[in-house]
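Q: Here it is, the structure, as structure tokens.
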Amino acid sequence: MTRFQRWLRSMLPAIVVGVVFFGAWELAVRLFGIDEFLLPKPSSIWTALGQQWSGVEGGTLGTAPLREAGLNTAGIAASGLLAGVAMGAVMAFVFTHFARVGDALTPLAIALNAMPIVALAPIFNAWFGLTSNLSNQAVVLVVVFFPVFINTSKGLTQVHPDQLELMRSYGASPFTILRRVRIPNALPFFLTSLRIAAPLSVIAAIVAEYFGGPQSRLGPVITQNASFARYANAWAAIVVASAVGLGLFVLAVLAERLLMPWKRPEAI
Amino acid sequence: MNANPADPAGTQAVAISGIHKTFNEGTDDEVHALEGIDLTVAPGEFVSLIGPSGCGKSTLLRLIADLLQPTSGHIEVFAKPAPQARVDRDYGMAFQTAGLFDWRKVGANIELPLELMGWSASKRRARSAEMLELVKLPDIANRYPWQLSGGMQQRVAIARALSFRPRLLLMDEPFGALDEMTREHMQKELLSIVAELDTTVVFVTHSISEAAFLSNRVVVLSPRPGRVHRVVNVTLGERTEDTREDPEFFKKATEIREALRSVEAAS
């Protein structure tokens with residue numbers, strides 16, 4: 001068997017499940033005569049996706065083309081993700097390395113984390129301007145920050161005591177221990193948080209977009225199509241949003257493969 | 001096994017005098033872990049520390065390693081104060097958990113102390129290959145720790161502890177997590193390795209038979225505060241698998257067991 005054949009074989013169950021799922025959906029809508037505004041058929045969503053992808057038919061009641069809206073939202077999600085991940089990792093380092101800073105700031109961090117962050121979206125619109133990407137990026141950043149911060153902190157501190165003693169027995173400095181032990185030890189924690197954060201960034205971006213701002217984003221495309229009862233179009237936008245989320249998730253998994261060659265193989 | 005009486009300076013591998021160790025001194029959680037410990041270990045000797053849990057045997061090992069500091073008393077390792085010996089890397093250490101770093105291949109794990117000592121890559125590679133040969137795992141340099149069994153991981157940990165050829169090896173129940181068969185096998189391997197490298201060993205264990213099999217001397221500690229209760233000299237000559245069935249071996253094991261019993265009766 002070639003590598004491709006083996007890969008295909010491992011993917012087969014997932015493909016079968018996918019085909020059965022969409023087949024059953026299509027069939028159920030047709031068979032039970034479910035109204036398209038409740039649940040459009042996969043085929044209708046597919047058609048809408050094709051029509052809405054690069055331009056809008058007719059131009060009346062025009063919403064932005066999905067390609068443009070998808071790219072914009074993906075840009076906001078990805079840039080917010082990157083900034084939030086960087087900030088989460090750096091703050092984790094600061095909190096754990098400078099214990100006094102950490103002790104002083106941890107209660108504040110916990111209080112901030114308890115805040116429903118998307119509720120900040122209208123406030124951020126006021127702070128950073130409704131038309132700027134910055135307000136939506138800020139929402140993504142804050143949402144993504146906490147899982148990365150918390151997991152990375154854990155990885156930097158939860159080193160096996162024997163390993164720390166071993167390093168001290170070598171006369172290693174705290175900096176050497178950080179570089180040789182704490183950071184590699186934190187890497188799996190950090191990368192797990194990345195997998196959580198990646199899809200979260202798309203959710204945060206779209207919810208933030210619901211609160212107004214430029215129209216050529218997936219958020220407004222979904223709300224507008226829904227309000228005009230063009231549910232197939234709204235669903236098409238949701239498909240694009242899912243694809244963006246999936247794409248970022250796959251990037252997180254690829255980062256893991258790249259950065260952790262020692263990881264034992266597993267499914268996800 | 002040279003007690004080295006001819007050494008003019010009379011240098012001991014480890015010289016412990018008047019050691020007290022109290023944790024959380026002056027608080028409600030104050031624990032007197034060790035009290036008035038005097039002990040010397042001669043170069044080439046294999047000394048085991050045994051005693052009930054909480055007798056401070058691991059604490060004593062960490063004091064020798066300068067991972068803990070005594071409340072009072074003095075420890076010298078090869079005639080240097082313990083902190084100096086640590087900085088000079090005069091000893092290697094192995095723990096119950098092999099403590100291998102997941103992200104390093106076996107070879108790189110063994111090379112870690114050498115890396116910290118600034119050895120060149122080629123010298124490191126040569127030494128780690130040599131060490132793997134010594135622990136009888138010649139072909140696993142490129143594997144990751146998760147691919148090894150517990151016994152293999154422990155061998156790699158020993159190879160790492162000895163990679164820079166320290167004259168002293170400190171071991172804290174290194175075989176505690178292994179099954180009986182692997183454990184006995186590892187004990188024999190350890191003896192042949194330290195004999196080949198002429199390494200002095202201080203070995204913490206729970207196991208009476210392990211202590212009897214490995215040691216020249218077994219130090220039985222009493223619990224809380226830990227004191228030297230009795231020292232059992234073990235003279236069994238060269239250890240082989242037959243040693244375990246030698247009547248003399250049983251006699252020594254019995255002696256250690258009785259010392260442990262009298263310790264527990266007293267406390």
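FYI, nothing fancy with the structure tokens labels: chains A, B, ... in order, residues from 1 per chain, ligands from 1 as they appear.
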Got a sec: who's within 12 Å of A:Ser79, counting only C-alpha atoms, leaving out chain neighbours fewer than 6 positions off, as a ChimeraX atom specification?
A: /A:71-73,85-86,133-134,136-141,144,198,201-202,205,248
Q: Given the selection you just returned, output its residues as a file containing N, CA and C atoms, formatted as a short mmCIF file (atom, residue, chain, number, x, y, z; two decimals), in the first residue's frame.
A:
```
data_model
loop_
_atom_site.label_atom_id
_atom_site.label_comp_id
_atom_site.auth_asym_id
_atom_site.auth_seq_id
_atom_site.Cartn_x
_atom_site.Cartn_y
_atom_site.Cartn_z
N LEU A 71 -12.62 36.59 3.81
CA LEU A 71 -11.22 37.00 3.94
C LEU A 71 -11.05 38.05 5.03
N ASN A 72 -11.98 39.00 5.08
CA ASN A 72 -11.89 40.04 6.10
C ASN A 72 -12.00 39.45 7.50
N THR A 73 -13.03 38.61 7.67
CA THR A 73 -13.21 38.01 9.00
C THR A 73 -12.03 37.12 9.37
N VAL A 85 -2.37 35.24 21.39
CA VAL A 85 -1.49 34.12 21.72
C VAL A 85 -0.13 34.64 22.20
N ALA A 86 0.39 35.63 21.46
CA ALA A 86 1.68 36.19 21.84
C ALA A 86 1.59 36.80 23.23
N ASN A 133 -10.89 47.92 12.13
CA ASN A 133 -10.80 46.50 12.49
C ASN A 133 -10.38 46.32 13.94
N LEU A 134 -9.75 47.36 14.46
CA LEU A 134 -9.13 47.26 15.77
C LEU A 134 -10.09 46.83 16.87
N ASN A 136 -12.76 44.93 16.67
CA ASN A 136 -13.04 43.49 16.60
C ASN A 136 -11.81 42.66 16.94
N GLN A 137 -10.66 43.13 16.48
CA GLN A 137 -9.41 42.41 16.81
C GLN A 137 -9.19 42.39 18.32
N ALA A 138 -9.56 43.48 18.97
CA ALA A 138 -9.37 43.55 20.42
C ALA A 138 -10.23 42.50 21.13
N VAL A 139 -11.47 42.32 20.63
CA VAL A 139 -12.34 41.30 21.24
C VAL A 139 -11.70 39.93 21.08
N VAL A 140 -11.22 39.63 19.87
CA VAL A 140 -10.57 38.33 19.62
C VAL A 140 -9.37 38.16 20.56
N LEU A 141 -8.57 39.21 20.63
CA LEU A 141 -7.36 39.14 21.47
C LEU A 141 -7.71 38.77 22.91
N VAL A 144 -8.99 35.14 23.27
CA VAL A 144 -7.97 34.13 23.04
C VAL A 144 -6.92 34.13 24.15
N ALA A 198 -7.78 28.68 18.47
CA ALA A 198 -7.94 28.92 17.03
C ALA A 198 -9.42 29.02 16.62
N SER A 201 -11.21 32.06 18.11
CA SER A 201 -10.95 33.37 17.52
C SER A 201 -12.00 33.72 16.47
N VAL A 202 -12.46 32.72 15.71
CA VAL A 202 -13.46 32.98 14.67
C VAL A 202 -14.81 33.29 15.32
N ALA A 205 -14.62 36.81 16.62
CA ALA A 205 -14.65 37.80 15.55
C ALA A 205 -16.08 38.00 15.06
N LEU A 248 -7.83 27.53 10.71
CA LEU A 248 -6.96 27.97 11.81
C LEU A 248 -6.62 26.81 12.74
#
```
Q: Hey, list the chain A side of the contact with chain B: 12 Å cut-off, only C-alpha atoms, answer as number ranges by chain.
A: A: 159-173, 176-177, 179-188, 259-265
Q: Restricting the output to N, CA and C atoms, write the selected residues as an mmCIF file, in the first residue's frame.
A:
```
data_model
loop_
_atom_site.group_PDB
_atom_site.id
_atom_site.type_symbol
_atom_site.label_atom_id
_atom_site.label_comp_id
_atom_site.auth_asym_id
_atom_site.auth_seq_id
_atom_site.Cartn_x
_atom_site.Cartn_y
_atom_site.Cartn_z
ATOM 1 N N VAL A 159 6.669 21.473 36.380
ATOM 2 C CA VAL A 159 7.807 20.659 35.977
ATOM 3 C C VAL A 159 8.008 19.636 37.084
ATOM 4 N N HIS A 160 8.339 18.411 36.739
ATOM 5 C CA HIS A 160 8.531 17.391 37.758
ATOM 6 C C HIS A 160 9.664 17.806 38.695
ATOM 7 N N PRO A 161 9.424 17.733 40.017
ATOM 8 C CA PRO A 161 10.453 18.172 40.976
ATOM 9 C C PRO A 161 11.802 17.474 40.770
ATOM 10 N N ASP A 162 11.765 16.190 40.392
ATOM 11 C CA ASP A 162 13.027 15.482 40.144
ATOM 12 C C ASP A 162 13.828 16.149 39.037
ATOM 13 N N GLN A 163 13.119 16.634 38.029
ATOM 14 C CA GLN A 163 13.826 17.256 36.905
ATOM 15 C C GLN A 163 14.461 18.581 37.333
ATOM 16 N N LEU A 164 13.751 19.314 38.206
ATOM 17 C CA LEU A 164 14.328 20.563 38.706
ATOM 18 C C LEU A 164 15.545 20.281 39.585
ATOM 19 N N GLU A 165 15.427 19.251 40.441
ATOM 20 C CA GLU A 165 16.567 18.909 41.306
ATOM 21 C C GLU A 165 17.757 18.471 40.468
ATOM 22 N N LEU A 166 17.450 17.712 39.432
ATOM 23 C CA LEU A 166 18.522 17.258 38.548
ATOM 24 C C LEU A 166 19.273 18.448 37.958
ATOM 25 N N MET A 167 18.504 19.419 37.470
ATOM 26 C CA MET A 167 19.136 20.594 36.871
ATOM 27 C C MET A 167 19.950 21.357 37.908
ATOM 28 N N ARG A 168 19.414 21.451 39.119
ATOM 29 C CA ARG A 168 20.163 22.155 40.171
ATOM 30 C C ARG A 168 21.415 21.378 40.536
ATOM 31 N N SER A 169 21.333 20.048 40.478
ATOM 32 C CA SER A 169 22.527 19.255 40.785
ATOM 33 C C SER A 169 23.624 19.513 39.746
ATOM 34 N N TYR A 170 23.225 19.928 38.571
ATOM 35 C CA TYR A 170 24.231 20.286 37.553
ATOM 36 C C TYR A 170 24.729 21.709 37.749
ATOM 37 N N GLY A 171 24.228 22.386 38.776
ATOM 38 C CA GLY A 171 24.617 23.778 38.985
ATOM 39 C C GLY A 171 24.010 24.710 37.948
ATOM 40 N N ALA A 172 22.860 24.324 37.355
ATOM 41 C CA ALA A 172 22.243 25.145 36.306
ATOM 42 C C ALA A 172 21.595 26.395 36.905
ATOM 43 N N SER A 173 21.715 27.512 36.214
ATOM 44 C CA SER A 173 21.131 28.772 36.678
ATOM 45 C C SER A 173 19.623 28.766 36.387
ATOM 46 N N THR A 176 19.029 28.996 32.724
ATOM 47 C CA THR A 176 19.259 27.734 32.011
ATOM 48 C C THR A 176 18.081 26.790 32.218
ATOM 49 N N ILE A 177 17.581 26.745 33.466
ATOM 50 C CA ILE A 177 16.440 25.875 33.752
ATOM 51 C C ILE A 177 15.222 26.326 32.946
ATOM 52 N N ARG A 179 15.213 27.907 30.047
ATOM 53 C CA ARG A 179 15.419 27.641 28.625
ATOM 54 C C ARG A 179 15.405 26.135 28.313
ATOM 55 N N ARG A 180 16.062 25.359 29.170
ATOM 56 C CA ARG A 180 16.232 23.938 28.855
ATOM 57 C C ARG A 180 15.077 23.084 29.355
ATOM 58 N N VAL A 181 14.367 23.550 30.381
ATOM 59 C CA VAL A 181 13.341 22.698 30.985
ATOM 60 C C VAL A 181 11.956 23.337 30.954
ATOM 61 N N ARG A 182 11.833 24.538 31.512
ATOM 62 C CA ARG A 182 10.490 25.092 31.652
ATOM 63 C C ARG A 182 9.826 25.364 30.306
ATOM 64 N N ILE A 183 10.561 25.977 29.391
ATOM 65 C CA ILE A 183 9.949 26.325 28.110
ATOM 66 C C ILE A 183 9.582 25.072 27.310
ATOM 67 N N PRO A 184 10.506 24.119 27.124
ATOM 68 C CA PRO A 184 10.061 22.898 26.423
ATOM 69 C C PRO A 184 8.934 22.165 27.158
ATOM 70 N N ASN A 185 8.962 22.227 28.487
ATOM 71 C CA ASN A 185 7.890 21.585 29.247
ATOM 72 C C ASN A 185 6.544 22.267 29.001
ATOM 73 N N ALA A 186 6.585 23.591 28.774
ATOM 74 C CA ALA A 186 5.346 24.345 28.570
ATOM 75 C C ALA A 186 4.806 24.187 27.151
ATOM 76 N N LEU A 187 5.651 23.759 26.235
ATOM 77 C CA LEU A 187 5.262 23.721 24.828
ATOM 78 C C LEU A 187 3.986 22.904 24.556
ATOM 79 N N PRO A 188 3.875 21.681 25.089
ATOM 80 C CA PRO A 188 2.628 20.946 24.838
ATOM 81 C C PRO A 188 1.399 21.655 25.405
ATOM 82 N N LEU A 259 6.612 21.819 15.929
ATOM 83 C CA LEU A 259 7.349 22.234 17.130
ATOM 84 C C LEU A 259 7.580 21.100 18.106
ATOM 85 N N MET A 260 6.783 20.020 17.970
ATOM 86 C CA MET A 260 6.919 18.926 18.925
ATOM 87 C C MET A 260 7.161 17.600 18.218
ATOM 88 N N PRO A 261 8.332 17.461 17.605
ATOM 89 C CA PRO A 261 8.588 16.219 16.876
ATOM 90 C C PRO A 261 8.637 15.005 17.796
ATOM 91 N N TRP A 262 8.748 15.252 19.113
ATOM 92 C CA TRP A 262 8.864 14.120 20.039
ATOM 93 C C TRP A 262 7.520 13.563 20.440
ATOM 94 N N LYS A 263 6.444 14.256 20.014
ATOM 95 C CA LYS A 263 5.115 13.868 20.471
ATOM 96 C C LYS A 263 4.752 12.497 19.922
ATOM 97 N N ARG A 264 4.154 11.667 20.799
ATOM 98 C CA ARG A 264 3.740 10.357 20.299
ATOM 99 C C ARG A 264 2.521 10.545 19.412
ATOM 100 N N PRO A 265 2.460 9.795 18.310
ATOM 101 C CA PRO A 265 1.368 9.996 17.362
ATOM 102 C C PRO A 265 0.015 9.712 18.008
#
```
Q: Calculate how many Å separate atom CA of A:Val29 from atom CA of A:Lys41, rounding to one decimal.
A: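 Separating atom CA of A:Val29 from atom CA of A:Lys41 is a distance of 6.1 Å.
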Q: Find the distance between atom CA of A:Phe22 and atom CA of A:Pro40 and write it in Å to one decimal.
A: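 Computing the Euclidean distance for atom CA of A:Phe22 and atom CA of A:Pro40 yields 11.7 Å.
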Q: State, in Å with one decimal place, the distance from atom CA of A:Gln51 to atom CA of A:Ala241.
A: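 So the answer is 16.5 Å.
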Q: List the spatial neighbours of stretch 12-16 of chain B as a list of chain:residue names - criterion: any atom at most 8 Å away, only C-alpha atoms, same-chain residues fewer than 4 positions off excluded.
A: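 Non-adjacent residues within range: B:Ile37, B:Asp38, B:Leu39, B:Thr40, B:Val41, B:Ala42, B:Pro43, B:Ile64, B:Gly73, B:His74, B:Ile75, B:Glu76, B:Val77, B:Phe78, B:Ala79, B:Leu168, B:Thr200.
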Q: Using C-alpha atoms, can you write the selected residues to a file as a CSV table (one decimal), in the first residue's frame?
A:
```
chain,number,residue,atom,x,y,z
B,37,ILE,CA,24.2,12.5,61.8
B,38,ASP,CA,27.9,11.5,61.5
B,39,LEU,CA,28.8,9.4,58.6
B,40,THR,CA,31.7,8.9,56.2
B,41,VAL,CA,31.8,7.1,52.9
B,42,ALA,CA,35.1,6.0,51.6
B,43,PRO,CA,36.0,6.3,47.9
B,64,ILE,CA,24.9,15.6,50.4
B,73,GLY,CA,26.6,20.6,60.8
B,74,HIS,CA,29.0,20.2,58.0
B,75,ILE,CA,29.2,18.0,54.8
B,76,GLU,CA,32.2,17.6,52.7
B,77,VAL,CA,32.3,15.8,49.4
B,78,PHE,CA,35.8,14.8,48.3
B,79,ALA,CA,37.1,17.3,50.9
B,168,LEU,CA,30.1,9.9,43.4
B,200,THR,CA,31.3,5.7,45.0
```
Q: Near A:Thr152, counting only C-alpha atoms, which residues have an atom at most 8 Å away, once you skip same-chain residues fewer than 6 positions from it, shown as an NGL selection string?
A: :A and (88-89 or 92-93 or 186-187 or 189-190 or 193)
Q: Considering only C-alpha atoms, return as a PyMOL selection string whatever protein or nucleic-acid residues lie within 7 Å of stretch 246-259 of chain B, sequence-local ones (same chain, fewer than 6 positions apart) excluded.
A: chain B and resi 208-209+212+220+230+232+234
Q: Looking at only C-alpha atoms, which of B:Pro70, B:Pro138, B:Gly226, B:Gly151 is the one that sits closest to B:Leu49?
A: B:Gly226
Q: Would you return as a PyMOL selection string the members of stretch 34-161 of chain B that DSSP assigns to helix (DSSP H, G or I) on this structure's backbone?
A: chain B and resi 57-64+82-87+106-116+121-134+145-147+150-161
Q: Take the residues from that selection and write them out as an mmCIF file, in the first residue's frame, keeping C-alpha atoms.
A:
```cif
data_model
loop_
_atom_site.group_PDB
_atom_site.id
_atom_site.type_symbol
_atom_site.label_atom_id
_atom_site.label_comp_id
_atom_site.auth_asym_id
_atom_site.auth_seq_id
_atom_site.Cartn_x
_atom_site.Cartn_y
_atom_site.Cartn_z
ATOM 1 C CA LYS B 57 17.021 9.207 54.202
ATOM 2 C CA SER B 58 16.078 11.192 51.091
ATOM 3 C CA THR B 59 16.705 14.396 53.019
ATOM 4 C CA LEU B 60 20.196 13.193 53.909
ATOM 5 C CA LEU B 61 20.879 12.398 50.248
ATOM 6 C CA ARG B 62 19.722 15.883 49.240
ATOM 7 C CA LEU B 63 21.933 17.445 51.889
ATOM 8 C CA ILE B 64 24.941 15.647 50.414
ATOM 9 C CA ALA B 82 28.932 20.324 49.529
ATOM 10 C CA PRO B 83 27.951 23.524 47.631
ATOM 11 C CA GLN B 84 31.362 23.610 45.957
ATOM 12 C CA ALA B 85 31.103 19.939 45.039
ATOM 13 C CA ARG B 86 27.729 20.590 43.420
ATOM 14 C CA VAL B 87 29.057 23.472 41.348
ATOM 15 C CA VAL B 106 17.791 9.323 24.506
ATOM 16 C CA GLY B 107 21.207 10.410 23.259
ATOM 17 C CA ALA B 108 20.434 14.077 23.889
ATOM 18 C CA ASN B 109 19.174 13.260 27.386
ATOM 19 C CA ILE B 110 22.489 11.654 28.232
ATOM 20 C CA GLU B 111 24.329 14.578 26.680
ATOM 21 C CA LEU B 112 22.464 17.244 28.649
ATOM 22 C CA PRO B 113 24.952 17.566 31.532
ATOM 23 C CA LEU B 114 27.809 17.551 29.021
ATOM 24 C CA GLU B 115 26.067 20.298 27.072
ATOM 25 C CA LEU B 116 25.817 22.388 30.229
ATOM 26 C CA ALA B 121 29.060 18.086 19.989
ATOM 27 C CA SER B 122 31.404 15.380 18.754
ATOM 28 C CA LYS B 123 32.791 14.671 22.205
ATOM 29 C CA ARG B 124 29.256 14.565 23.594
ATOM 30 C CA ARG B 125 28.106 12.158 20.941
ATOM 31 C CA ALA B 126 31.056 9.867 21.531
ATOM 32 C CA ARG B 127 30.461 9.845 25.264
ATOM 33 C CA SER B 128 26.725 9.194 25.044
ATOM 34 C CA ALA B 129 27.367 6.295 22.668
ATOM 35 C CA GLU B 130 29.900 4.939 25.127
ATOM 36 C CA MET B 131 27.477 5.303 28.045
ATOM 37 C CA LEU B 132 24.686 3.555 26.121
ATOM 38 C CA GLU B 133 27.098 0.733 25.425
ATOM 39 C CA LEU B 134 27.864 0.556 29.130
ATOM 40 C CA PRO B 145 11.830 8.377 26.190
ATOM 41 C CA TRP B 146 8.150 7.421 25.741
ATOM 42 C CA GLN B 147 9.265 4.625 23.451
ATOM 43 C CA GLY B 150 10.532 1.691 32.697
ATOM 44 C CA GLY B 151 13.692 -0.376 33.136
ATOM 45 C CA MET B 152 15.237 1.031 29.966
ATOM 46 C CA GLN B 153 14.396 4.584 31.053
ATOM 47 C CA GLN B 154 16.111 3.986 34.369
ATOM 48 C CA ARG B 155 19.224 2.696 32.604
ATOM 49 C CA VAL B 156 19.299 5.831 30.494
ATOM 50 C CA ALA B 157 18.966 7.894 33.671
ATOM 51 C CA ILE B 158 21.984 6.086 35.113
ATOM 52 C CA ALA B 159 23.900 6.645 31.903
ATOM 53 C CA ARG B 160 23.048 10.336 32.143
ATOM 54 C CA ALA B 161 24.050 10.540 35.805
#
```
Q: Can you list, as a PyMOL selection string, every protein, DNA or RNA residue that comes within 9 Å of A:Thr131 when you count only C-alpha atoms, leaving out same-chain residues fewer than 4 positions away?
A: chain A and resi 125+135+212-214
Q: With distances taken over only C-alpha atoms, which residue among B:Glu30, B:Glu173, B:Glu45, B:Glu25 lies nearest B:Arg217?
A: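 Counting only C-alpha atoms, the residue closest to B:Arg217 is B:Glu45.
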Q: Can you pull out the residues contacting B:His229? Cut-off 10 Å, using only C-alpha atoms, and skip same-chain residues under 4 positions away; I want them as a ChimeraX atom specification.
A: /B:37,51,219-223,259-260,262-263
